[in-house]
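Participant: Structure: data-v9.cif, mmCIF, C-alpha atoms.
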data_model
loop_
_atom_site.label_atom_id
_atom_site.label_comp_id
_atom_site.auth_asym_id
_atom_site.auth_seq_id
_atom_site.Cartn_x
_atom_site.Cartn_y
_atom_site.Cartn_z
CA MET W 16 82.07 200.72 19.30
CA THR W 17 85.35 200.03 21.09
CA ARG W 18 86.90 196.57 20.89
CA ILE W 19 85.60 195.72 24.35
CA GLU W 20 82.07 196.90 23.55
CA ARG W 21 82.08 194.99 20.28
CA ARG W 22 83.16 191.93 22.13
CA ALA W 23 80.53 192.40 24.83
CA VAL W 24 77.76 192.73 22.24
CA GLY W 25 79.12 189.74 20.38
CA ALA W 26 79.20 187.75 23.58
CA ALA W 27 75.66 188.81 24.47
CA ILE W 28 74.38 187.65 21.09
CA ALA W 29 76.29 184.42 21.38
CA ALA W 30 74.87 183.92 24.87
CA LEU W 31 71.35 184.40 23.52
CA ILE W 32 71.98 181.88 20.81
CA ALA W 33 73.47 179.42 23.27
CA ALA W 34 70.50 179.81 25.59
CA ALA W 35 68.13 178.71 22.86
CA PRO W 36 67.95 174.90 22.89
CA LEU W 37 67.47 174.74 19.10
CA TRP W 38 70.97 176.07 18.49
CA ALA W 39 72.66 174.55 21.53
CA ALA W 40 75.87 173.14 20.14
CA GLU W 41 77.72 170.01 21.14
CA ALA W 42 81.39 170.36 22.00
CA VAL W 43 83.73 169.58 19.12
CA ALA W 44 85.66 166.43 20.08
CA PRO W 45 89.45 166.86 20.40
CA ASP W 46 90.09 164.64 17.36
CA ALA W 47 87.46 166.45 15.25
CA VAL W 48 88.83 169.99 15.57
CA ASN W 49 89.31 171.89 12.31
CA PHE W 50 92.56 173.83 12.33
CA THR W 51 93.25 176.53 9.73
CA ASP W 52 96.48 176.09 7.81
CA VAL W 53 98.22 178.48 10.22
CA GLY W 54 97.00 176.59 13.27
CA GLY W 55 93.95 178.65 14.28
CA ILE W 56 90.45 177.39 15.08
CA ALA W 57 87.71 179.57 13.58
CA GLU W 58 84.74 178.25 15.51
CA SER W 59 83.99 177.97 19.20
CA LEU W 60 84.76 174.50 20.55
CA SER W 61 81.80 174.46 22.94
CA GLY W 62 79.26 176.73 21.26
CA THR W 63 78.97 178.60 24.56
CA PRO W 64 80.79 181.91 25.03
CA GLY W 65 83.79 181.87 27.29
CA ASP W 66 83.69 183.02 30.91
CA VAL W 67 86.49 185.50 31.50
CA GLU W 68 86.65 184.95 35.24
CA ASN W 69 86.88 181.19 35.00
CA GLY W 70 89.46 181.65 32.28
CA ALA W 71 91.57 183.75 34.64
CA ALA W 72 91.25 181.03 37.31
CA LEU W 73 92.41 178.35 34.87
CA MET W 74 95.53 180.42 34.09
CA ASN W 75 96.64 179.72 37.64
CA LYS W 76 95.34 176.39 38.82
CA GLY W 77 94.68 172.89 37.71
CA ALA W 78 95.45 171.58 34.28
CA GLY W 79 95.93 175.07 32.76
CA ASN W 80 98.66 176.45 35.02
CA CYS W 81 99.67 178.79 32.21
CA ILE W 82 101.55 181.18 34.50
CA ALA W 83 104.00 178.37 35.27
CA CYS W 84 105.53 179.47 31.96
CA HIS W 85 103.98 182.88 31.15
CA GLN W 86 104.02 186.27 32.85
CA VAL W 87 100.64 188.06 32.89
CA THR W 88 100.46 191.53 34.45
CA ALA W 89 96.68 191.27 34.96
CA LEU W 90 97.32 188.31 37.29
CA ASN W 91 99.99 190.07 39.34
CA ASP W 92 98.18 189.25 42.58
CA LEU W 93 99.34 185.64 42.05
CA PRO W 94 102.97 184.82 42.90
CA PHE W 95 105.60 183.16 40.67
CA HIS W 96 105.02 183.78 36.99
CA GLY W 97 107.32 181.74 34.75
CA GLU W 98 109.76 182.83 32.04
CA VAL W 99 109.64 179.81 29.75
CA GLY W 100 107.12 181.38 27.36
CA PRO W 101 106.60 185.00 26.28
CA SER W 102 104.61 187.45 28.40
CA LEU W 103 100.95 187.24 27.48
CA ASP W 104 100.41 190.98 27.96
CA GLY W 105 98.89 192.35 24.75
CA VAL W 106 98.20 188.90 23.36
CA GLY W 107 94.60 189.86 22.47
CA GLU W 108 96.07 192.65 20.37
CA ARG W 109 98.77 190.59 18.65
CA TRP W 110 96.55 187.69 17.60
CA ASP W 111 92.94 187.27 16.54
CA GLU W 112 90.57 185.05 18.50
CA ALA W 113 90.76 182.12 16.10
CA GLN W 114 94.55 182.02 16.37
CA ILE W 115 94.47 182.26 20.16
CA ARG W 116 91.95 179.40 20.30
CA GLY W 117 94.28 177.35 18.13
CA ILE W 118 97.32 178.16 20.31
CA VAL W 119 95.52 177.19 23.52
CA ALA W 120 94.05 174.01 22.02
CA ASP W 121 97.27 172.82 20.35
CA ALA W 122 100.13 175.33 20.20
CA LYS W 123 102.26 172.92 18.16
CA LYS W 124 100.04 173.68 15.14
CA THR W 125 101.06 177.37 15.36
CA PHE W 126 104.61 176.96 16.71
CA PRO W 127 105.97 173.64 15.44
CA GLY W 128 108.01 171.86 18.10
CA THR W 129 107.12 174.32 20.87
CA ILE W 130 107.54 173.27 24.51
CA MET W 131 103.99 174.50 25.20
CA PRO W 132 101.70 171.55 26.01
CA SER W 133 98.65 170.80 23.85
CA PHE W 134 95.62 171.42 26.01
CA TYR W 135 92.84 170.08 23.76
CA LYS W 136 94.30 166.84 22.53
CA THR W 137 94.05 163.24 23.69
CA GLY W 138 97.12 161.69 22.12
CA PRO W 139 99.04 159.86 20.90
CA TYR W 140 101.48 160.31 23.77
CA GLU W 141 104.77 158.65 24.73
CA ARG W 142 104.18 156.69 27.99
CA PRO W 143 101.02 158.58 29.01
CA GLY W 144 100.58 158.69 32.76
CA ASP W 145 97.65 158.70 35.15
CA GLY W 146 97.82 162.40 36.05
CA TYR W 147 100.87 163.09 38.23
CA THR W 148 101.00 159.65 39.87
CA GLY W 149 103.84 158.35 37.69
CA LYS W 150 101.69 155.27 36.96
CA ALA W 151 100.42 154.27 33.51
CA ALA W 152 97.27 155.97 32.27
CA GLN W 153 94.07 154.02 32.79
CA GLY W 154 92.31 153.89 29.42
CA GLU W 155 91.57 156.95 27.31
CA LEU W 156 92.90 160.29 28.55
CA ASP W 157 90.71 163.35 28.78
CA PRO W 158 92.20 166.48 27.24
CA LEU W 159 93.95 168.73 29.80
CA LEU W 160 91.21 171.34 29.36
CA THR W 161 87.56 170.78 28.37
CA ALA W 162 86.11 172.54 25.32
CA GLN W 163 84.47 175.07 27.63
CA ASP W 164 87.72 175.58 29.60
CA VAL W 165 89.47 176.43 26.32
CA GLU W 166 86.74 178.95 25.47
CA ASP W 167 87.03 180.46 28.96
CA VAL W 168 90.80 180.82 28.68
CA VAL W 169 90.46 182.32 25.18
CA ALA W 170 87.88 184.82 26.49
CA PHE W 171 90.32 185.84 29.23
CA LEU W 172 93.25 186.15 26.80
CA MET W 173 91.16 188.37 24.50
CA THR W 174 90.91 190.88 27.38
CA LEU W 175 94.72 191.18 27.41
CA ASP W 176 94.79 193.79 24.66
CA THR W 177 97.13 196.35 26.18
CA TYR W 178 100.79 196.45 27.15
CA PRO W 179 100.90 197.56 30.81
CA GLU W 180 104.14 199.14 31.96
CA MET B 1 94.22 186.59 9.96
CA SER B 2 96.52 189.09 8.31
CA LYS B 3 100.16 188.39 7.71
CA SER B 4 101.30 191.34 9.80
CA VAL B 5 99.56 189.98 12.89
CA TRP B 6 101.26 186.65 12.34
CA LEU B 7 104.71 188.18 11.99
CA GLY B 8 104.09 190.54 14.88
CA GLY B 9 103.34 187.62 17.17
CA CYS B 10 106.43 185.73 16.10
CA ALA B 11 108.69 188.73 16.45
CA ALA B 12 107.29 189.44 19.89
CA ALA B 13 107.88 185.86 20.93
CA ALA B 14 111.39 185.90 19.51
CA LEU B 15 112.21 189.11 21.32
CA MET B 16 111.25 187.60 24.64
CA PHE B 17 113.67 184.79 24.08
CA CYS B 18 116.54 186.96 22.91
CA ALA B 19 116.20 189.51 25.69
CA PRO B 20 119.07 189.28 28.20
CA ALA B 21 118.15 187.62 31.48
CA ILE B 22 116.74 189.98 34.06
CA VAL B 23 119.36 190.73 36.68
CA THR B 24 118.35 189.12 39.94
CA ALA B 25 120.05 188.03 43.12
CA GLN B 26 120.50 184.67 41.47
CA ASP B 27 122.84 186.09 38.85
CA ASP B 28 125.18 187.02 41.66
CA ALA B 29 124.80 183.52 43.01
CA ALA B 30 126.03 182.21 39.65
CA ASP B 31 129.28 184.13 40.06
CA ARG B 32 130.17 182.74 43.48
CA GLU B 33 132.82 180.08 43.89
CA LEU B 34 132.36 176.80 45.68
CA VAL B 35 135.13 175.82 48.05
CA ILE B 36 134.07 173.23 50.61
CA ASN B 37 135.48 173.47 54.17
CA GLY B 38 137.79 176.16 52.85
CA GLU B 39 139.87 173.52 51.08
CA ILE B 40 138.09 171.43 48.43
CA GLU B 41 137.80 173.49 45.26
CA ILE B 42 134.81 172.57 43.14
CA VAL B 43 134.57 173.32 39.43
CA THR B 44 130.97 174.51 39.04
CA GLU B 45 131.31 175.85 35.50
CA ALA B 46 133.26 174.41 32.58
CA ASP B 47 133.41 174.21 28.81
CA ALA B 48 130.84 171.74 27.53
CA PRO B 49 132.23 168.34 26.53
CA ALA B 50 132.67 167.90 22.77
CA HIS B 51 129.65 165.61 22.38
CA LEU B 52 127.23 168.34 23.54
CA GLU B 53 125.84 169.98 20.43
CA ASN B 54 123.58 172.68 21.81
CA MET B 55 125.47 174.17 24.75
CA SER B 56 128.88 175.74 25.16
CA THR B 57 129.08 175.96 28.96
CA ILE B 58 128.04 173.46 31.59
CA ARG B 59 127.09 174.53 35.11
CA SER B 60 126.52 172.66 38.33
CA GLY B 61 123.04 172.88 39.87
CA TRP B 62 124.77 174.71 42.75
CA THR B 63 125.16 177.83 40.57
CA PHE B 64 121.37 178.07 40.21
CA ARG B 65 120.52 177.94 43.89
CA SER B 66 119.96 180.82 46.29
CA PRO B 67 122.98 182.18 48.19
CA GLU B 68 121.56 180.69 51.43
CA THR B 69 121.29 177.20 49.93
CA GLN B 70 124.71 177.57 48.33
CA THR B 71 126.30 178.48 51.63
CA MET B 72 124.96 175.34 53.33
CA GLN B 73 127.10 173.27 50.99
CA MET B 74 130.28 175.18 51.74
CA ASP B 75 130.86 173.60 55.13
CA ASP B 76 130.23 169.97 56.08
CA PHE B 77 128.90 171.07 59.49
CA ASP B 78 126.13 173.00 57.74
CA ASN B 79 125.43 170.33 55.13
CA PRO B 80 122.70 167.97 56.41
CA GLY B 81 123.84 165.39 53.82
CA THR B 82 126.91 164.77 56.02
CA LEU B 83 124.72 162.69 58.36
CA GLY B 84 124.09 160.15 55.59
CA VAL B 85 127.82 160.04 54.88
CA GLU B 86 128.55 159.35 58.56
CA ALA B 87 125.93 156.58 58.65
CA ALA B 88 127.52 154.99 55.58
CA ARG B 89 130.98 155.24 57.16
CA GLU B 90 129.72 153.02 59.97
CA ALA B 91 127.95 150.69 57.56
CA PHE B 92 131.21 150.39 55.64
CA SER B 93 132.84 148.39 58.40
CA ALA B 94 129.64 146.83 59.76
CA ASP B 95 128.54 143.22 59.33
CA LEU B 96 126.67 142.77 56.03
CA GLY B 97 124.63 140.00 57.66
CA ASN B 98 127.05 137.13 57.09
CA GLY B 99 130.14 138.35 58.92
CA GLU B 100 131.56 140.13 55.85
CA SER B 101 131.90 143.89 55.39
CA CYS B 102 133.02 146.43 52.80
CA ALA B 103 136.07 146.98 55.00
CA GLY B 104 137.00 143.33 54.46
CA CYS B 105 138.08 144.23 50.91
CA HIS B 106 138.64 148.00 51.04
CA GLU B 107 140.78 149.34 53.82
CA SER B 108 138.84 152.61 54.07
CA PRO B 109 136.26 154.58 52.10
CA GLU B 110 139.07 156.99 51.18
CA GLU B 111 140.77 154.16 49.30
CA LEU B 112 137.86 154.46 46.85
CA ALA B 113 138.53 158.13 46.11
CA GLY B 114 138.01 158.95 42.43
CA VAL B 115 135.78 155.97 41.75
CA ARG B 116 132.54 157.94 41.71
CA ALA B 117 133.82 160.28 38.98
CA VAL B 118 133.87 157.55 36.30
CA TYR B 119 130.47 155.99 37.05
CA PRO B 120 128.25 154.81 35.38
CA LYS B 121 130.86 152.63 33.74
CA TRP B 122 131.07 149.58 31.49
CA ASP B 123 131.59 146.37 33.47
CA ALA B 124 133.14 143.66 31.32
CA ASP B 125 132.11 140.76 33.59
CA ALA B 126 128.53 141.91 33.80
CA GLY B 127 128.55 142.80 30.09
CA ALA B 128 126.64 145.97 30.88
CA VAL B 129 126.98 149.57 32.01
CA GLN B 130 126.78 149.74 35.79
CA THR B 131 125.88 152.59 38.10
CA ILE B 132 127.69 152.93 41.42
CA GLU B 133 124.64 151.42 43.14
CA MET B 134 124.87 148.34 40.92
CA GLN B 135 128.59 148.07 41.68
CA ILE B 136 127.93 148.36 45.42
CA ASN B 137 125.35 145.58 45.15
CA GLU B 138 127.75 143.47 43.09
CA CYS B 139 130.27 143.76 45.93
CA ILE B 140 127.64 142.94 48.54
CA THR B 141 126.27 139.88 46.75
CA GLU B 142 129.10 138.43 44.67
CA ARG B 143 132.14 139.31 46.74
CA ALA B 144 130.72 139.31 50.23
CA GLY B 145 127.98 136.77 49.50
CA ALA B 146 125.45 138.83 51.44
CA GLU B 147 121.91 139.96 50.71
CA ALA B 148 121.51 142.78 48.13
CA TRP B 149 120.36 146.23 49.24
CA GLY B 150 117.33 147.88 47.69
CA TYR B 151 118.44 149.91 44.67
CA ASP B 152 116.88 153.10 45.99
CA SER B 153 116.93 152.26 49.71
CA GLY B 154 118.17 154.64 52.38
CA GLU B 155 121.29 152.56 53.13
CA MET B 156 122.16 152.49 49.42
CA ILE B 157 121.70 156.25 49.02
CA ASP B 158 123.89 156.83 52.09
CA MET B 159 126.63 154.57 50.72
CA SER B 160 126.40 156.31 47.36
CA ALA B 161 126.78 159.62 49.22
CA LEU B 162 129.94 158.31 50.91
CA MET B 163 131.33 157.31 47.50
CA SER B 164 130.68 160.86 46.25
CA PHE B 165 132.08 162.40 49.43
CA VAL B 166 135.48 160.73 49.08
CA SER B 167 135.64 161.80 45.41
CA ARG B 168 134.71 165.44 45.90
CA GLY B 169 136.73 167.76 43.69
CA GLU B 170 137.57 165.04 41.16
CA ALA B 171 136.48 165.87 37.60
CA VAL B 172 133.52 163.86 36.33
CA ASN B 173 134.87 161.75 33.48
CA VAL B 174 132.54 159.00 32.34
CA ALA B 175 133.47 157.04 29.22
CA ILE B 176 130.94 157.15 26.42
CA ASP B 177 132.80 155.25 23.73
CA GLY B 178 133.73 151.60 23.22
CA PRO B 179 131.32 149.13 24.78
CA ALA B 180 129.43 151.91 26.61
CA ALA B 181 128.50 153.66 23.36
CA GLU B 182 125.30 151.72 22.73
CA THR B 183 123.92 152.43 26.20
CA TRP B 184 124.95 156.06 25.90
CA GLU B 185 123.03 156.41 22.61
CA LYS B 186 119.97 154.90 24.25
CA GLY B 187 120.25 157.36 27.14
CA LYS B 188 120.59 160.24 24.73
CA GLU B 189 117.44 159.17 22.93
CA ILE B 190 115.54 159.08 26.23
CA TYR B 191 116.87 162.55 27.12
CA TYR B 192 115.35 164.03 23.98
CA THR B 193 112.05 162.08 24.03
CA ARG B 194 108.98 164.11 24.92
CA TYR B 195 107.15 162.01 27.49
CA GLY B 196 103.69 162.12 28.99
CA GLN B 197 100.59 164.14 28.38
CA LEU B 198 102.60 167.36 28.72
CA GLU B 199 105.01 166.08 26.03
CA LEU B 200 108.16 167.37 27.73
CA SER B 201 111.69 166.04 27.33
CA CYS B 202 114.58 166.56 29.73
CA ALA B 203 116.04 168.87 27.07
CA ASN B 204 112.90 171.05 26.95
CA CYS B 205 113.51 172.11 30.54
CA HIS B 206 117.23 171.59 31.20
CA GLU B 207 118.78 172.45 27.83
CA ASP B 208 116.36 174.92 26.21
CA ASN B 209 115.24 176.68 29.39
CA TYR B 210 117.91 176.50 32.07
CA ASP B 211 118.18 179.79 33.96
CA ASN B 212 114.48 180.48 33.31
CA MET B 213 111.86 180.34 36.05
CA ILE B 214 109.18 177.68 35.67
CA ARG B 215 106.62 178.77 38.23
CA ALA B 216 108.67 179.11 41.45
CA ASP B 217 111.57 176.93 40.26
CA HIS B 218 114.79 178.30 38.81
CA LEU B 219 115.63 175.72 36.13
CA SER B 220 119.16 174.33 36.23
CA GLN B 221 120.88 172.21 33.60
CA GLY B 222 119.80 169.08 35.48
CA GLN B 223 123.41 167.99 36.06
CA ILE B 224 124.07 165.05 38.39
CA ASN B 225 127.58 165.80 39.68
CA GLY B 226 126.06 166.79 43.04
CA PHE B 227 124.24 163.52 43.72
CA PRO B 228 123.01 162.21 45.99
CA THR B 229 121.55 165.60 46.88
CA TYR B 230 120.15 166.65 50.21
CA ARG B 231 116.91 168.43 49.34
CA LEU B 232 115.47 170.97 51.75
CA LYS B 233 112.06 170.21 50.24
CA ASN B 234 111.90 166.61 51.50
CA ALA B 235 114.67 166.85 54.10
CA LYS B 236 116.58 163.77 52.97
CA LEU B 237 119.24 162.54 50.59
CA ASN B 238 117.85 161.86 47.11
CA SER B 239 119.31 159.49 44.54
CA VAL B 240 119.95 160.41 40.91
CA GLN B 241 117.34 158.06 39.58
CA GLY B 242 114.84 159.06 42.25
CA ARG B 243 115.20 162.59 40.87
CA PHE B 244 114.76 161.37 37.29
CA LYS B 245 111.57 159.64 38.38
CA GLY B 246 110.18 162.86 39.86
CA CYS B 247 110.96 164.84 36.72
CA VAL B 248 109.34 162.25 34.42
CA ARG B 249 106.30 162.06 36.70
CA ASP B 250 105.91 165.83 36.39
CA THR B 251 105.33 165.45 32.64
CA ARG B 252 102.21 163.37 33.42
CA ALA B 253 103.99 160.29 32.15
CA GLU B 254 104.38 156.72 33.32
CA THR B 255 107.85 156.81 34.86
CA PHE B 256 110.65 154.27 34.62
CA SER B 257 111.84 152.65 37.85
CA PRO B 258 115.14 153.34 39.61
CA GLY B 259 117.52 150.59 38.50
CA SER B 260 115.71 149.98 35.19
CA PRO B 261 117.84 149.68 32.02
CA GLU B 262 116.26 152.90 30.74
CA PHE B 263 117.29 154.95 33.79
CA VAL B 264 120.77 153.39 33.84
CA ALA B 265 121.23 154.48 30.22
CA LEU B 266 119.81 157.92 31.00
CA GLU B 267 122.16 158.26 33.99
CA LEU B 268 125.20 157.47 31.83
CA TYR B 269 124.10 160.04 29.28
CA VAL B 270 123.29 162.78 31.82
CA ALA B 271 126.55 162.10 33.71
CA SER B 272 128.46 162.56 30.44
CA ARG B 273 126.83 165.97 29.95
CA GLY B 274 128.66 166.94 33.14
CA ASN B 275 132.11 165.66 32.16
CA GLY B 276 134.48 168.37 33.41
CA LEU B 277 132.46 169.49 36.46
CA SER B 278 133.64 168.30 39.87
CA VAL B 279 131.99 165.58 41.89
CA GLU B 280 130.35 167.58 44.70
CA GLY B 281 127.91 165.15 46.35
CA PRO B 282 126.27 165.16 48.73
CA ALA B 283 125.13 168.56 47.46
CA VAL B 284 122.42 170.74 49.02
CA ARG B 285 119.46 171.72 46.86
CA ASN B 286 115.99 173.08 47.48
#
Before we go any further, please render this structure as structure tokens.
Facilitator:
Amino acid sequence: MTRIERRAVGAAIAALIAAAPLWAAEAVAPDAVNFTDVGGIAESLSGTPGDVENGAALMNKGAGNCIACHQVTALNDLPFHGEVGPSLDGVGERWDEAQIRGIVADAKKTFPGTIMPSFYKTGPYERPGDGYTGKAAQGELDPLLTAQDVEDVVAFLMTLDTYPE
Amino acid sequence: MSKSVWLGGCAAAALMFCAPAIVTAQDDAADRELVINGEIEIVTEADAPAHLENMSTIRSGWTFRSPETQTMQMDDFDNPGTLGVEAAREAFSADLGNGESCAGCHESPEELAGVRAVYPKWDADAGAVQTIEMQINECITERAGAEAWGYDSGEMIDMSALMSFVSRGEAVNVAIDGPAAETWEKGKEIYYTRYGQLELSCANCHEDNYDNMIRADHLSQGQINGFPTYRLKNAKLNSVQGRFKGCVRDTRAETFSPGSPEFVALELYVASRGNGLSVEGPAVRN
């Protein structure tokens, strides 16, 4: 099997498992995530396989906005890719899924001190705000991405396993 | 995960950061020279002041803008910020509400040439570092006995623009030692603090990533020698601390307010990062 086929079969099995109520998993809470000692996350955060298309959408809009900092050739139909982070072309080839999940959830565990925001974390933060209003946050903050959003983004990143010209 | 994958990822990331900047139209823009009205020469690039540890060259925000935006600042007729300067020129000799005026003490705005370049500055009587806005309000209330202006009000921003206008070409030279040192240290700490849910400091964007694109924005060094700036985006003059507020808000943080001790300290620190550049306000930015 090719990588893609393997992944498709894996996803199909995972989907079957997720569909069965007996195994339906609860999302791992942001403060209960188990990171490996190199910053990866071995297990799915939501228990439901990621949706590649929604992952691609999150790269552009909303709380993900990954292309503000990263260039991604597969998303070339969208304007203005940033240069703050490395190109994500080939990222599914460079890293395994667990490491990519860890980077998306909390990149500071893989790259200490990195500018990249932590997307599956709820604090502590310095002067947390209420979104982009500039006002103080009201109560507990939700993570920037939900557990399923993270899985969707990871699924999309795993498809970036080539280095287009 | 195998070690080779780990190293491969790091090396790839490192390469991206070491690669020379892609040559774009904006690199040409960085090489242009700023002479306003064909006569006022502006230093837009200089050696970094000694206190800056992580940078060797400082550059005005002008050097990061598109050639079209740059050109607008090269002639006062094309610079929309001139309107604010003209309004402030009238306000300068107008009644402050009690029969007094700025002109009652200062013969002309030009008499205040050079003042802008050393602000924010320690004020012995106030026992604190003061921005030019605070000094203007001190004149209005304590000397003229009139009603204070709003710190970030339109009339204040216009007057601040006039103060920059008459100092254009003078080298920024704010003092960071002596009694100002404590405030400067506080401002420096704020500059390097990662605020908000995105955990971003001023340095993350303006020191580590200037010259990089962040989405559609070409990141500058966040210098303030061009303030107040006329922004094409909101079509008005913008104050230094109004800009700070916008940048902090964009980190999903609770901002500080214009005029707050935190922003005054931050302004002193950021101004000192530009020591050696010329005052060029009101500048034109996008």
Participant: Of the residues B:Leu112, B:Val248, B:Ala91, B:Ala271, which is the one nearest to Glu155 in chain B, using all atoms listed in the file?
Facilitator: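 Nearest to Glu155 in chain B: B:Ala91.
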Participant: Looking at B:Leu268, B:Ile36, B:Leu237, B:Met213, which one is nearest to chain W, with distances taken over only C-alpha atoms?
Facilitator: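 Residue with the minimum atom-to-atom distance to chain W: B:Met213.
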Participant: On this structure, the PyMOL selection byres ((chain W) within 7 of (chain B)) would catch which residues? List them as JSON, numbers by chain, sorted by chain and number.
Facilitator: {"W": [82, 83, 84, 95, 96, 97, 98, 99, 101, 109, 110, 111, 130, 132, 140, 141, 142, 143, 144, 145, 146, 147, 148, 149, 150, 151]}
Participant: Apply the PyMOL selection byres ((chain W and resi 136) around 6) to the file shown and report the selected residues as a PyMOL selection string.
Facilitator: chain W and resi 45+134-135+137-138+158
Participant: For the structure provided, state which residues fall under the PyMOL selection byres ((chain W and resi 126) around 12), and present them as a PDB file with C-alpha atoms, in the frame of the given file.
Facilitator:
ATOM      1  CA  VAL W  53      98.220 178.480  10.220  1.00  0.00           C
ATOM      2  CA  GLY W  54      97.000 176.590  13.270  1.00  0.00           C
ATOM      3  CA  GLY W  55      93.950 178.650  14.280  1.00  0.00           C
ATOM      4  CA  GLY W 100     107.120 181.380  27.360  1.00  0.00           C
ATOM      5  CA  GLN W 114      94.550 182.020  16.370  1.00  0.00           C
ATOM      6  CA  ILE W 115      94.470 182.260  20.160  1.00  0.00           C
ATOM      7  CA  GLY W 117      94.280 177.350  18.130  1.00  0.00           C
ATOM      8  CA  ILE W 118      97.320 178.160  20.310  1.00  0.00           C
ATOM      9  CA  VAL W 119      95.520 177.190  23.520  1.00  0.00           C
ATOM     10  CA  ASP W 121      97.270 172.820  20.350  1.00  0.00           C
ATOM     11  CA  ALA W 122     100.130 175.330  20.200  1.00  0.00           C
ATOM     12  CA  LYS W 123     102.260 172.920  18.160  1.00  0.00           C
ATOM     13  CA  LYS W 124     100.040 173.680  15.140  1.00  0.00           C
ATOM     14  CA  THR W 125     101.060 177.370  15.360  1.00  0.00           C
ATOM     15  CA  PRO W 127     105.970 173.640  15.440  1.00  0.00           C
ATOM     16  CA  GLY W 128     108.010 171.860  18.100  1.00  0.00           C
ATOM     17  CA  THR W 129     107.120 174.320  20.870  1.00  0.00           C
ATOM     18  CA  ILE W 130     107.540 173.270  24.510  1.00  0.00           C
ATOM     19  CA  MET W 131     103.990 174.500  25.200  1.00  0.00           C
ATOM     20  CA  PRO W 132     101.700 171.550  26.010  1.00  0.00           C
ATOM     21  CA  SER W 133      98.650 170.800  23.850  1.00  0.00           C
TER      22      SER W 133
ATOM     23  CA  TRP B   6     101.260 186.650  12.340  1.00  0.00           C
ATOM     24  CA  GLY B   9     103.340 187.620  17.170  1.00  0.00           C
ATOM     25  CA  CYS B  10     106.430 185.730  16.100  1.00  0.00           C
ATOM     26  CA  ALA B  13     107.880 185.860  20.930  1.00  0.00           C
ATOM     27  CA  ALA B  14     111.390 185.900  19.510  1.00  0.00           C
TER      28      ALA B  14
END
Participant: Could you please determine the separation between CA of Ser153 in chain B and CA of Ala87 in chain B in Å, to one decimal place?
Facilitator: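 Between CA of Ser153 in chain B and CA of Ala87 in chain B the gap works out to 13.4 Å.
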Participant: Env of Asp125 in chain B: 12 Å cut, atoms = only C-alpha atoms, seq-sep filter 5 positions within chain, self excluded. Answer as number ranges by chain.
Facilitator: B: 130, 135, 138, 142
Participant: Restricting the calculation to only C-alpha atoms, which member of B:Cys105, B:Glu189, B:Ala128, B:Tyr269 is positioned closest to Gly222 in chain B?
Facilitator: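 Distance minimum relative to Gly222 in chain B lands on B:Tyr269.
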Participant: Pull the neighbourhood of (123.7, 171.0, 48.5) for me: all residues within 10 Å in file coordinates, counting all atoms listed in the file, as a list in words.
Facilitator: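 Those residues, ordered by chain and then number, are Gly61, Trp62, Arg65, Thr69, Gln70, Thr71, Met72, Gln73, Met74, Asp78, Asn79, Pro80, Gly81, Gly226, Phe227, Pro228, Thr229, Tyr230, Arg231, Leu232, Leu237, Glu280, Gly281, Pro282, Ala283, Val284, Arg285 and Asn286 of chain B.
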Participant: Write out as number ranges by chain each polymer residue whose atoms come within 8 Å of range 67-77 of chain W, counting all atoms listed in the file; drop sequence neighbours fewer than 2 positions from it.
Facilitator: W: 65, 79-83, 90, 93, 164-171
Participant: Can you tell me which residues surround Gly97 in chain B at a distance of at most 12 Å, considering all atoms listed in the file, apart from same-chain residues fewer than 6 positions away, and format the answer as JSON, numbers by chain?
Facilitator: {"B": [91, 140, 141, 144, 145, 146, 147, 148, 149]}
